[in-house]
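Everything below belongs to input_20.pdb, which stores PDB, C-alpha atoms and all ligand atoms.
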ATOM      1  CA  MET A   1      13.215  -7.113 -17.711  1.00  0.00           C
ATOM      2  CA  PRO A   2      11.656 -10.650 -17.826  1.00  0.00           C
ATOM      3  CA  GLU A   3       8.268 -10.786 -19.594  1.00  0.00           C
ATOM      4  CA  THR A   4       6.260 -11.509 -16.425  1.00  0.00           C
ATOM      5  CA  ALA A   5       7.863  -8.555 -14.638  1.00  0.00           C
ATOM      6  CA  TYR A   6       7.125  -6.372 -17.665  1.00  0.00           C
ATOM      7  CA  SER A   7       3.446  -7.363 -17.654  1.00  0.00           C
ATOM      8  CA  GLU A   8       3.246  -6.532 -13.923  1.00  0.00           C
ATOM      9  CA  VAL A   9       4.625  -3.058 -14.654  1.00  0.00           C
ATOM     10  CA  SER A  10       2.029  -2.548 -17.429  1.00  0.00           C
ATOM     11  CA  ARG A  11      -0.720  -3.776 -15.102  1.00  0.00           C
ATOM     12  CA  LEU A  12       0.106  -1.107 -12.504  1.00  0.00           C
ATOM     13  CA  GLU A  13       0.604   1.606 -15.124  1.00  0.00           C
ATOM     14  CA  HIS A  14      -2.851   0.823 -16.556  1.00  0.00           C
ATOM     15  CA  LEU A  15      -4.350   0.764 -13.081  1.00  0.00           C
ATOM     16  CA  TRP A  16      -3.079   4.251 -12.210  1.00  0.00           C
ATOM     17  CA  GLY A  17      -3.785   5.575 -15.691  1.00  0.00           C
ATOM     18  CA  GLY A  18      -7.436   4.415 -15.594  1.00  0.00           C
ATOM     19  CA  GLU A  19     -10.518   4.576 -13.351  1.00  0.00           C
ATOM     20  CA  PHE A  20      -8.603   3.451 -10.249  1.00  0.00           C
ATOM     21  CA  GLY A  21      -6.269   6.446 -10.665  1.00  0.00           C
ATOM     22  CA  ASN A  22      -9.170   8.787 -11.492  1.00  0.00           C
ATOM     23  CA  ASP A  23     -10.880   7.777  -8.249  1.00  0.00           C
ATOM     24  CA  TYR A  24      -7.675   8.554  -6.354  1.00  0.00           C
ATOM     25  CA  VAL A  25      -7.767  12.077  -7.839  1.00  0.00           C
ATOM     26  CA  ASP A  26     -11.337  12.562  -6.606  1.00  0.00           C
ATOM     27  CA  ARG A  27     -10.448  11.384  -3.109  1.00  0.00           C
ATOM     28  CA  ASN A  28      -7.305  13.518  -2.782  1.00  0.00           C
ATOM     29  CA  ARG A  29      -8.181  16.964  -4.093  1.00  0.00           C
ATOM     30  CA  ASP A  30      -7.200  18.575  -0.774  1.00  0.00           C
ATOM     31  CA  ALA A  31      -4.069  16.548  -0.156  1.00  0.00           C
ATOM     32  CA  GLN A  32      -1.872  19.676  -0.008  1.00  0.00           C
ATOM     33  CA  ASN A  33      -3.321  20.672   3.360  1.00  0.00           C
ATOM     34  CA  GLY A  34      -0.757  20.248   6.110  1.00  0.00           C
ATOM     35  CA  ARG A  35       2.241  19.840   3.810  1.00  0.00           C
ATOM     36  CA  GLU A  36       3.350  23.477   3.819  1.00  0.00           C
ATOM     37  CA  PRO A  37       5.824  23.344   6.764  1.00  0.00           C
ATOM     38  CA  PHE A  38       7.839  20.505   5.243  1.00  0.00           C
ATOM     39  CA  TRP A  39       8.332  22.191   1.864  1.00  0.00           C
ATOM     40  CA  LYS A  40       8.805  25.689   3.260  1.00  0.00           C
ATOM     41  CA  ASN A  41      11.500  24.386   5.557  1.00  0.00           C
ATOM     42  CA  LEU A  42      13.244  22.291   2.907  1.00  0.00           C
ATOM     43  CA  THR A  43      13.377  25.052   0.279  1.00  0.00           C
ATOM     44  CA  ALA A  44      14.728  27.475   2.905  1.00  0.00           C
ATOM     45  CA  ARG A  45      17.619  25.162   3.790  1.00  0.00           C
ATOM     46  CA  TYR A  46      18.753  23.821   0.415  1.00  0.00           C
ATOM     47  CA  GLU A  47      19.630  25.567  -2.829  1.00  0.00           C
ATOM     48  CA  ILE A  48      17.038  24.236  -5.238  1.00  0.00           C
ATOM     49  CA  GLU A  49      16.437  26.133  -8.465  1.00  0.00           C
ATOM     50  CA  ASN A  50      14.369  23.567 -10.300  1.00  0.00           C
ATOM     51  CA  VAL A  51      12.489  20.493  -9.190  1.00  0.00           C
ATOM     52  CA  LEU A  52      10.762  17.395 -10.587  1.00  0.00           C
ATOM     53  CA  GLU A  53       8.158  15.321  -8.781  1.00  0.00           C
ATOM     54  CA  VAL A  54       7.588  11.831 -10.190  1.00  0.00           C
ATOM     55  CA  GLY A  55       3.964  10.769  -9.618  1.00  0.00           C
ATOM     56  CA  CYS A  56       2.775  14.278  -8.722  1.00  0.00           C
ATOM     57  CA  ASN A  57      -0.994  13.659  -8.974  1.00  0.00           C
ATOM     58  CA  VAL A  58      -2.911  16.950  -8.498  1.00  0.00           C
ATOM     59  CA  GLY A  59       0.102  18.761  -7.018  1.00  0.00           C
ATOM     60  CA  ALA A  60      -0.176  18.422  -3.241  1.00  0.00           C
ATOM     61  CA  ASN A  61       3.603  19.003  -3.074  1.00  0.00           C
ATOM     62  CA  LEU A  62       4.120  21.108  -6.202  1.00  0.00           C
ATOM     63  CA  TYR A  63       1.585  23.659  -4.991  1.00  0.00           C
ATOM     64  CA  TRP A  64       3.922  24.521  -2.086  1.00  0.00           C
ATOM     65  CA  LEU A  65       7.124  24.233  -4.079  1.00  0.00           C
ATOM     66  CA  ASN A  66       5.731  26.652  -6.632  1.00  0.00           C
ATOM     67  CA  ARG A  67       4.970  29.043  -3.800  1.00  0.00           C
ATOM     68  CA  TYR A  68       8.319  28.801  -1.990  1.00  0.00           C
ATOM     69  CA  MET A  69      10.828  28.404  -4.822  1.00  0.00           C
ATOM     70  CA  GLU A  70      11.726  31.800  -6.186  1.00  0.00           C
ATOM     71  CA  SER A  71      12.525  30.459  -9.646  1.00  0.00           C
ATOM     72  CA  ARG A  72       9.126  28.759  -9.936  1.00  0.00           C
ATOM     73  CA  SER A  73      10.813  26.140 -12.103  1.00  0.00           C
ATOM     74  CA  VAL A  74       8.565  23.303 -11.050  1.00  0.00           C
ATOM     75  CA  PHE A  75       7.867  20.125 -13.022  1.00  0.00           C
ATOM     76  CA  GLY A  76       5.639  17.122 -12.327  1.00  0.00           C
ATOM     77  CA  VAL A  77       5.106  13.895 -14.235  1.00  0.00           C
ATOM     78  CA  ASP A  78       2.295  11.424 -13.772  1.00  0.00           C
ATOM     79  CA  ILE A  79       0.683   8.568 -15.641  1.00  0.00           C
ATOM     80  CA  ASN A  80      -2.873   9.735 -14.909  1.00  0.00           C
ATOM     81  CA  GLU A  81      -4.306  12.312 -17.344  1.00  0.00           C
ATOM     82  CA  LYS A  82      -7.068  13.433 -15.015  1.00  0.00           C
ATOM     83  CA  ALA A  83      -4.541  14.286 -12.294  1.00  0.00           C
ATOM     84  CA  LEU A  84      -2.439  16.304 -14.747  1.00  0.00           C
ATOM     85  CA  LYS A  85      -5.475  18.182 -16.033  1.00  0.00           C
ATOM     86  CA  GLU A  86      -6.418  19.122 -12.483  1.00  0.00           C
ATOM     87  CA  LEU A  87      -2.822  20.116 -11.687  1.00  0.00           C
ATOM     88  CA  LYS A  88      -2.692  22.421 -14.737  1.00  0.00           C
ATOM     89  CA  LYS A  89      -6.027  23.983 -13.872  1.00  0.00           C
ATOM     90  CA  ARG A  90      -5.006  24.779 -10.296  1.00  0.00           C
ATOM     91  CA  ASN A  91      -1.339  25.628 -10.890  1.00  0.00           C
ATOM     92  CA  PRO A  92      -0.861  26.919 -14.441  1.00  0.00           C
ATOM     93  CA  GLU A  93       2.779  27.841 -13.694  1.00  0.00           C
ATOM     94  CA  VAL A  94       3.687  24.220 -12.990  1.00  0.00           C
ATOM     95  CA  ASN A  95       4.923  22.119 -15.926  1.00  0.00           C
ATOM     96  CA  ALA A  96       2.671  19.044 -15.911  1.00  0.00           C
ATOM     97  CA  ILE A  97       3.856  16.235 -18.175  1.00  0.00           C
ATOM     98  CA  TRP A  98       2.497  12.747 -18.878  1.00  0.00           C
ATOM     99  CA  SER A  99       5.162  10.094 -18.424  1.00  0.00           C
ATOM    100  CA  PRO A 100       5.659   6.667 -16.871  1.00  0.00           C
ATOM    101  CA  ALA A 101       8.231   6.808 -14.072  1.00  0.00           C
ATOM    102  CA  LYS A 102      10.408   4.170 -15.727  1.00  0.00           C
ATOM    103  CA  GLU A 103      11.377   6.462 -18.634  1.00  0.00           C
ATOM    104  CA  LEU A 104      11.537  10.127 -17.705  1.00  0.00           C
ATOM    105  CA  PRO A 105      11.628  12.547 -20.653  1.00  0.00           C
ATOM    106  CA  PHE A 106      14.452  14.741 -19.308  1.00  0.00           C
ATOM    107  CA  ARG A 107      18.168  15.137 -19.798  1.00  0.00           C
ATOM    108  CA  ASP A 108      20.674  13.702 -17.325  1.00  0.00           C
ATOM    109  CA  ARG A 109      21.226  15.949 -14.269  1.00  0.00           C
ATOM    110  CA  TYR A 110      18.538  18.403 -15.376  1.00  0.00           C
ATOM    111  CA  PHE A 111      16.985  19.054 -11.941  1.00  0.00           C
ATOM    112  CA  ASP A 112      18.423  20.156  -8.598  1.00  0.00           C
ATOM    113  CA  LEU A 113      15.897  17.927  -6.854  1.00  0.00           C
ATOM    114  CA  VAL A 114      13.953  14.898  -8.094  1.00  0.00           C
ATOM    115  CA  PHE A 115      11.555  13.302  -5.624  1.00  0.00           C
ATOM    116  CA  THR A 116       8.627  10.987  -4.937  1.00  0.00           C
ATOM    117  CA  THR A 117       6.097  10.871  -2.125  1.00  0.00           C
ATOM    118  CA  GLY A 118       3.950   7.746  -1.958  1.00  0.00           C
ATOM    119  CA  VAL A 119       4.937   6.548  -5.407  1.00  0.00           C
ATOM    120  CA  LEU A 120       7.786   4.054  -4.981  1.00  0.00           C
ATOM    121  CA  ILE A 121       5.393   2.037  -2.813  1.00  0.00           C
ATOM    122  CA  HIS A 122       3.251   1.518  -5.911  1.00  0.00           C
ATOM    123  CA  GLN A 123       6.053   0.167  -8.121  1.00  0.00           C
ATOM    124  CA  THR A 124       6.627  -3.565  -8.455  1.00  0.00           C
ATOM    125  CA  PRO A 125       9.832  -4.779  -6.842  1.00  0.00           C
ATOM    126  CA  ALA A 126      10.980  -5.818 -10.343  1.00  0.00           C
ATOM    127  CA  SER A 127      10.579  -2.352 -11.851  1.00  0.00           C
ATOM    128  CA  LEU A 128      11.770  -0.377  -8.836  1.00  0.00           C
ATOM    129  CA  PRO A 129      15.489  -0.285  -9.815  1.00  0.00           C
ATOM    130  CA  MET A 130      14.555   1.123 -13.217  1.00  0.00           C
ATOM    131  CA  VAL A 131      12.420   3.861 -11.667  1.00  0.00           C
ATOM    132  CA  LEU A 132      15.102   4.729  -9.106  1.00  0.00           C
ATOM    133  CA  SER A 133      17.783   4.891 -11.762  1.00  0.00           C
ATOM    134  CA  GLU A 134      15.665   7.316 -13.831  1.00  0.00           C
ATOM    135  CA  ILE A 135      15.168   9.513 -10.760  1.00  0.00           C
ATOM    136  CA  VAL A 136      18.880   9.520  -9.943  1.00  0.00           C
ATOM    137  CA  ARG A 137      19.808  10.108 -13.591  1.00  0.00           C
ATOM    138  CA  CYS A 138      17.666  13.264 -13.820  1.00  0.00           C
ATOM    139  CA  SER A 139      19.017  14.786 -10.596  1.00  0.00           C
ATOM    140  CA  ARG A 140      22.173  16.853 -10.365  1.00  0.00           C
ATOM    141  CA  LYS A 141      22.045  17.558  -6.607  1.00  0.00           C
ATOM    142  CA  TYR A 142      19.316  16.002  -4.496  1.00  0.00           C
ATOM    143  CA  VAL A 143      17.057  12.953  -4.471  1.00  0.00           C
ATOM    144  CA  LEU A 144      14.240  12.673  -1.958  1.00  0.00           C
ATOM    145  CA  CYS A 145      11.659  10.011  -1.253  1.00  0.00           C
ATOM    146  CA  ALA A 146       8.915   9.875   1.381  1.00  0.00           C
ATOM    147  CA  GLU A 147       7.387   6.411   1.466  1.00  0.00           C
ATOM    148  CA  TYR A 148       5.916   3.784   3.794  1.00  0.00           C
ATOM    149  CA  PHE A 149       8.717   2.023   5.651  1.00  0.00           C
ATOM    150  CA  ALA A 150       9.289  -1.614   6.596  1.00  0.00           C
ATOM    151  CA  GLU A 151      12.614  -3.363   7.295  1.00  0.00           C
ATOM    152  CA  GLU A 152      11.701  -6.102   4.792  1.00  0.00           C
ATOM    153  CA  LEU A 153       9.612  -6.077   1.627  1.00  0.00           C
ATOM    154  CA  THR A 154       5.989  -6.289   2.823  1.00  0.00           C
ATOM    155  CA  GLU A 155       2.987  -6.313   0.526  1.00  0.00           C
ATOM    156  CA  ILE A 156      -0.071  -4.492   1.909  1.00  0.00           C
ATOM    157  CA  PRO A 157      -3.573  -5.111   0.525  1.00  0.00           C
ATOM    158  CA  TYR A 158      -4.701  -1.922  -1.225  1.00  0.00           C
ATOM    159  CA  ARG A 159      -8.236  -1.217  -2.368  1.00  0.00           C
ATOM    160  CA  ASN A 160      -8.928  -4.773  -3.510  1.00  0.00           C
ATOM    161  CA  GLN A 161      -5.857  -4.869  -5.748  1.00  0.00           C
ATOM    162  CA  ARG A 162      -3.095  -7.407  -5.440  1.00  0.00           C
ATOM    163  CA  GLY A 163       0.543  -6.377  -5.888  1.00  0.00           C
ATOM    164  CA  ALA A 164      -0.253  -2.654  -5.742  1.00  0.00           C
ATOM    165  CA  LEU A 165       1.340  -1.467  -2.493  1.00  0.00           C
ATOM    166  CA  PHE A 166       4.672  -2.444  -0.985  1.00  0.00           C
ATOM    167  CA  LYS A 167       6.360  -1.171   2.153  1.00  0.00           C
ATOM    168  CA  GLN A 168      10.097  -1.505   2.364  1.00  0.00           C
ATOM    169  CA  ASN A 169      13.331   0.243   3.270  1.00  0.00           C
ATOM    170  CA  TYR A 170      13.444   2.542   0.241  1.00  0.00           C
ATOM    171  CA  GLY A 171      16.321   4.575   1.654  1.00  0.00           C
ATOM    172  CA  LYS A 172      18.509   1.491   1.916  1.00  0.00           C
ATOM    173  CA  ILE A 173      17.559   0.384  -1.581  1.00  0.00           C
ATOM    174  CA  TYR A 174      18.673   3.767  -2.973  1.00  0.00           C
ATOM    175  CA  GLN A 175      21.958   3.562  -1.106  1.00  0.00           C
ATOM    176  CA  ASP A 176      22.636  -0.043  -2.085  1.00  0.00           C
ATOM    177  CA  LEU A 177      21.953   0.652  -5.764  1.00  0.00           C
ATOM    178  CA  PHE A 178      23.644   4.067  -5.880  1.00  0.00           C
ATOM    179  CA  PRO A 179      26.528   4.113  -3.377  1.00  0.00           C
ATOM    180  CA  LYS A 180      27.446   7.639  -4.463  1.00  0.00           C
ATOM    181  CA  LEU A 181      24.256   9.025  -2.946  1.00  0.00           C
ATOM    182  CA  SER A 182      25.006  10.317   0.510  1.00  0.00           C
ATOM    183  CA  LEU A 183      22.315  10.684   3.143  1.00  0.00           C
ATOM    184  CA  VAL A 184      21.723  14.320   4.095  1.00  0.00           C
ATOM    185  CA  GLU A 185      18.714  13.855   6.321  1.00  0.00           C
ATOM    186  CA  LYS A 186      16.090  11.316   7.283  1.00  0.00           C
ATOM    187  CA  GLY A 187      12.851  11.836   9.180  1.00  0.00           C
ATOM    188  CA  PHE A 188       9.302  10.763   9.840  1.00  0.00           C
ATOM    189  CA  LEU A 189       6.193  12.673   8.752  1.00  0.00           C
ATOM    190  CA  SER A 190       3.391  11.601  11.021  1.00  0.00           C
ATOM    191  CA  LYS A 191      -0.335  11.566  10.475  1.00  0.00           C
ATOM    192  CA  GLU A 192      -0.728  13.603  13.639  1.00  0.00           C
ATOM    193  CA  THR A 193       1.107  16.590  12.188  1.00  0.00           C
ATOM    194  CA  GLY A 194      -1.366  16.564   9.290  1.00  0.00           C
ATOM    195  CA  GLY A 195      -0.842  16.292   5.546  1.00  0.00           C
ATOM    196  CA  TRP A 196       1.248  13.125   5.699  1.00  0.00           C
ATOM    197  CA  ASP A 197       0.462   9.483   6.335  1.00  0.00           C
ATOM    198  CA  ASP A 198       3.215   8.203   8.648  1.00  0.00           C
ATOM    199  CA  VAL A 199       5.875   8.178   5.962  1.00  0.00           C
ATOM    200  CA  THR A 200       9.633   8.011   6.324  1.00  0.00           C
ATOM    201  CA  TYR A 201      11.644  10.406   4.200  1.00  0.00           C
ATOM    202  CA  TRP A 202      15.236  10.301   3.061  1.00  0.00           C
ATOM    203  CA  LEU A 203      17.083  13.182   1.397  1.00  0.00           C
ATOM    204  CA  PHE A 204      20.238  12.273  -0.496  1.00  0.00           C
ATOM    205  CA  ARG A 205      22.964  14.419  -2.055  1.00  0.00           C
ATOM    206  CA  LYS A 206      24.219  13.250  -5.417  1.00  0.00           C
ATOM    207  CA  TYR A 207      27.865  13.838  -6.338  1.00  0.00           C
TER
HETATM  208  C1  LIG B 301      -0.433   7.619  -4.002  1.00  0.00           C
HETATM  209  S1  LIG B 301      -0.359   8.810  -5.276  1.00  0.00           S
HETATM  210  C2  LIG B 301       0.758  10.033  -4.595  1.00  0.00           C
HETATM  211  C3  LIG B 301       0.568  11.388  -5.221  1.00  0.00           C
HETATM  212  C4  LIG B 301       1.502  12.504  -4.728  1.00  0.00           C
HETATM  213  N1  LIG B 301       2.876  12.145  -4.902  1.00  0.00           N
HETATM  214  C5  LIG B 301       1.220  12.873  -3.312  1.00  0.00           C
HETATM  215  O1  LIG B 301       2.063  12.638  -2.441  1.00  0.00           O
HETATM  216  O2  LIG B 301       0.150  13.435  -3.057  1.00  0.00           O
HETATM  217  C6  LIG B 301       0.602   7.984  -6.515  1.00  0.00           C
HETATM  218  C7  LIG B 301       0.727   8.797  -7.802  1.00  0.00           C
HETATM  219  O3  LIG B 301       1.739   8.220  -8.617  1.00  0.00           O
HETATM  220  C8  LIG B 301       1.253   8.049  -9.936  1.00  0.00           C
HETATM  221  N2  LIG B 301       1.940   6.876 -10.478  1.00  0.00           N
HETATM  222  C9  LIG B 301       1.865   5.597 -10.022  1.00  0.00           C
HETATM  223  N3  LIG B 301       2.658   4.798 -10.749  1.00  0.00           N
HETATM  224  C10 LIG B 301       3.243   5.591 -11.692  1.00  0.00           C
HETATM  225  C11 LIG B 301       4.168   5.329 -12.732  1.00  0.00           C
HETATM  226  N4  LIG B 301       4.660   4.113 -12.945  1.00  0.00           N
HETATM  227  N5  LIG B 301       4.571   6.370 -13.496  1.00  0.00           N
HETATM  228  C12 LIG B 301       4.084   7.627 -13.283  1.00  0.00           C
HETATM  229  N6  LIG B 301       3.202   7.917 -12.308  1.00  0.00           N
HETATM  230  C13 LIG B 301       2.791   6.921 -11.517  1.00  0.00           C
HETATM  231  C14 LIG B 301      -0.240   7.856  -9.780  1.00  0.00           C
HETATM  232  O4  LIG B 301      -0.954   8.150 -10.957  1.00  0.00           O
HETATM  233  C15 LIG B 301      -0.549   8.813  -8.624  1.00  0.00           C
HETATM  234  O5  LIG B 301      -0.799  10.097  -9.103  1.00  0.00           O
END
Could the structure of this file be written out as structure tokens, please?
Amino acid sequence: MPETAYSEVSRLEHLWGGEFGNDYVDRNRDAQNGREPFWKNLTARYEIENVLEVGCNVGANLYWLNRYMESRSVFGVDINEKALKELKKRNPEVNAIWSPAKELPFRDRYFDLVFTTGVLIHQTPASLPMVLSEIVRCSRKYVLCAEYFAEELTEIPYRNQRGALFKQNYGKIYQDLFPKLSLVEKGFLSKETGGWDDVTYWLFRKY
């Protein structure tokens, strides 16, 4: 990665690892509310024995996965220590691990499902391929992302930070970079239904 791109990645990692990320934790303690139907439905329809969320924060998704996956083999990584501490306190059965998304500490094909919700949008365009390739590497069956959508790369101002939030067609980027991923389903999770913030999700099967 060129040096300027590398320093942009460090900038965002420090941002989420520090006070900015801690404040996000405080604002989103109840983020799991409204997300139950999505995860209950998904785990009922697909065979998923173990799962990894990249950028899990306090566990708004992992809380439900831990409830609906019989195996309870649930892992989350995040770069913010406060989020992980809170996750462990609330869900002691969940494996909460500190790690930057660009180098996941797991073996190839270790998880049935690896996913992000609202995390790819916070990666710089330069580091995104590295993060996606780590996600795909760690999955043996499914990859899912639920992110803000735009046809073209669009930067959105975010809490007085520059270069911290990008909308784009994340599903297309996955498919362009990893042609062996095949789209299983795609949908929209609206604000109105509760729990989600008008995000588009894509579920891919990896062969
Ligand atoms: C907007 S929050 C989304 C949290 C959670 N996925 C959800 O849907 O409720 C973004 C999360 O990703 C984490 N994060 C951002 N960049 C990261 C990176 N490069 N590596 C690991 N975690 C990261 C942040 O610390 C934060 O917990």
Exercise. Once the PyMOL selection byres (((not hetatm)) within 7 of (chain B and resi 301)) has been applied to the shown file, what residues remain in the selection, as a PyMOL selection string?
Worked result: chain A and resi 12-13+16-17+21+31+54-57+59-61+77-80+83+99-102+116-119+122-123
The PyMOL selection byres (((chain A and resi 130) around 12) and not hetatm) on the file shown: which residues, as a PDB file with C-alpha atoms, in the frame of the given file?
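To be explicit, this is the file written out as part-v8.pdb:
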ATOM      1  CA  MET A   1      13.215  -7.113 -17.711  1.00  0.00           C
ATOM      2  CA  ALA A   5       7.863  -8.555 -14.638  1.00  0.00           C
ATOM      3  CA  TYR A   6       7.125  -6.372 -17.665  1.00  0.00           C
ATOM      4  CA  VAL A   9       4.625  -3.058 -14.654  1.00  0.00           C
ATOM      5  CA  PRO A 100       5.659   6.667 -16.871  1.00  0.00           C
ATOM      6  CA  ALA A 101       8.231   6.808 -14.072  1.00  0.00           C
ATOM      7  CA  LYS A 102      10.408   4.170 -15.727  1.00  0.00           C
ATOM      8  CA  GLU A 103      11.377   6.462 -18.634  1.00  0.00           C
ATOM      9  CA  LEU A 104      11.537  10.127 -17.705  1.00  0.00           C
ATOM     10  CA  LEU A 120       7.786   4.054  -4.981  1.00  0.00           C
ATOM     11  CA  GLN A 123       6.053   0.167  -8.121  1.00  0.00           C
ATOM     12  CA  THR A 124       6.627  -3.565  -8.455  1.00  0.00           C
ATOM     13  CA  PRO A 125       9.832  -4.779  -6.842  1.00  0.00           C
ATOM     14  CA  ALA A 126      10.980  -5.818 -10.343  1.00  0.00           C
ATOM     15  CA  SER A 127      10.579  -2.352 -11.851  1.00  0.00           C
ATOM     16  CA  LEU A 128      11.770  -0.377  -8.836  1.00  0.00           C
ATOM     17  CA  PRO A 129      15.489  -0.285  -9.815  1.00  0.00           C
ATOM     18  CA  VAL A 131      12.420   3.861 -11.667  1.00  0.00           C
ATOM     19  CA  LEU A 132      15.102   4.729  -9.106  1.00  0.00           C
ATOM     20  CA  SER A 133      17.783   4.891 -11.762  1.00  0.00           C
ATOM     21  CA  GLU A 134      15.665   7.316 -13.831  1.00  0.00           C
ATOM     22  CA  ILE A 135      15.168   9.513 -10.760  1.00  0.00           C
ATOM     23  CA  VAL A 136      18.880   9.520  -9.943  1.00  0.00           C
ATOM     24  CA  ARG A 137      19.808  10.108 -13.591  1.00  0.00           C
ATOM     25  CA  TYR A 174      18.673   3.767  -2.973  1.00  0.00           C
ATOM     26  CA  LEU A 177      21.953   0.652  -5.764  1.00  0.00           C
TER      27      LEU A 177
END
Box time for stretch 151-170 of chain A: axis-aligned, enclosing all its listed atoms, 3 Å extra on each side; report centre and edge lengths in Å to one decimal, as lines of an AutoDock Vina configuration file.
center_x = 2.3
center_y = -2.4
center_z = 0.7
size_x = 28.4
size_y = 15.9
size_z = 19.2
Exercise. How would you write as a VMD selection string the residues that get within 10 Å of (17.4, 13.6, -6.8) in the file's frame, counting only C-alpha atoms?
Worked result: chain A and resid 51 to 53 109 to 116 132 134 to 145 181 203 to 206
Exercise. Any idea what the distance is between atom CA of A:Leu165 and atom CA of A:Gly195?
Worked result: 19.6 Å
For this session: Please write the residues picked by the PyMOL selection byres (((chain A and resi 63-65) around 8) and not hetatm) on this file as a PyMOL selection string.
Result: chain A and resi 32+35-36+39-40+43+59-62+66-69+72+74+91
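Taking atom CA of A:Val58 as the reference point, atom CA of A:Glu86 is found at 5.7 Å.
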Exercise. What does the distance between atom CA of A:Ala150 and atom CA of A:Glu192 come to in Å, to one decimal place?
Worked result: 19.5 Å
For this session: Could you tell me which of A:Trp98, A:Gly187, A:Ile121, A:Arg29 comes closest to A:Ile156 if we count only C-alpha atoms?
Result: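 Comparing A:Trp98, A:Gly187, A:Ile121, A:Arg29 against A:Ile156, the winner is A:Ile121.
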